[in-house]
Amino acid sequence: MAPSKTKHGSASAEIPGGFTALPVQFSQSSQAHHWLYLKEHRVRAESGVTRPLDRTLFVLNVPPYCSEECLLRLFSPCGPVQSVELRERPGPKEQSEPELSKYFHKPRNKGFSVAYVVFKKASSVAAAKKLRPETPLVLSTTQHPLRTGLQKWIEDYSASIVQADELQAAVDQYMQEYDRRVEEEAKREAEEEGKPDEEGWVKVSRRGRRPARPHTEAANQRALERERRKRARKELLNFYSWQHRETQREHIAELRRKFEEDKQRIAVLRAQRKFRPY
């Protein structure tokens, strides 16, 4: 997006691209303020139940200390909010498995992000775009403070310490749910295997494949030896001059080795009086 040549005033203003600039500040005592850029979400490829085109607000330049709860409080005066989704970059929502435990989650983005705010009413999007505050909106209030810096680090560290029995119970629950899904999938594949669909195609599952070769040391050595012989067959013999010289050296060394072996063999035969040159 090209930067605007018009300076932002104390209130929100229209900028190129259909965005509206909304000033916010971290706390009441902050001397500087930050700008959020928002507009109506109109990407039809991403339309659906989670992001309806007529009720979704797209927000850019969200600071890292601003959470989903903070955006919910910020846009609640415009109307009831259905959901708030923070993403590292714009794009369709990824289909992921349901989170089974609070101990298993992806690390949160530490930089600026984008947000999709879904309202319950379509008029709330227009109300959010018409926000014209005389002073920047405050994100961290006395009732809802935002933790940053050392306080946030201490809070995150304290939350990361869990009891061993609680973690073991969460792991057992996850594994039970995983085993149940695997069993259901295997049962479904067994029922569908061998049955043609509406077009006459028959689904082939992976259960009929030959078991994988065990990765033992001897098997790995044989595989490496086959690969070495395969590369050796592809090499051009005596193509370069240094290859020809190396081949001659190896041939002379082999002749000398055989000559020494023959001398030793003749010496043994002479000692046994079995050597008859004629």
# chains A, B, ... in the order shown; residues from 1 in each chain; ligands from 1
$ select_by_dssp --residues "stretch 57-270 of chain A" --states "strand (DSSP E or B)" --output "MDAnalysis selection string"
chainID A and resid 57:62 81:87 113:119 137:138 196 202
$ select_by_dssp --residues "stretch 93-191 of chain A" --states "helix (DSSP H, G or I)" --output "VMD selection string"
chain A and resid 123 to 129 149 to 160 164 to 191
$ closest_residue --among "A:Tyr178, A:Phe75, A:Trp242, A:Phe112" --to "A:Ala127" --atoms "only C-alpha atoms"
A:Phe75
$ closest_residue --among "A:Val43, A:Cys70, A:Leu150, A:Ala115" --to "A:Phe26" --atoms "only C-alpha atoms"
A:Cys70
$ closest_residue --among "A:Gln243, A:His144, A:Tyr116, A:Gly91" --to "A:Lys39" --atoms "only C-alpha atoms"
A:Tyr116
$ residues_around --residues "A:Lys121" --least-positions-apart "4" --cutoff "12 Å" --atoms "only C-alpha atoms" --output "count of residues only"
17
$ closest_residue --among "A:Tyr37, A:Val268, A:Glu250, A:Glu260" --to "A:Lys129" --atoms "only C-alpha atoms"
A:Tyr37
$ atom_distance --atom1 "atom CA of A:Leu146" --atom2 "atom CA of A:Cys66"
7.8 Å
$ atom_distance --atom1 "atom CA of A:Leu71" --atom2 "atom CA of A:Val84"
7.4 Å
$ atom_distance --atom1 "atom CA of A:Glu184" --atom2 "atom CA of A:Pro196"
20.4 Å
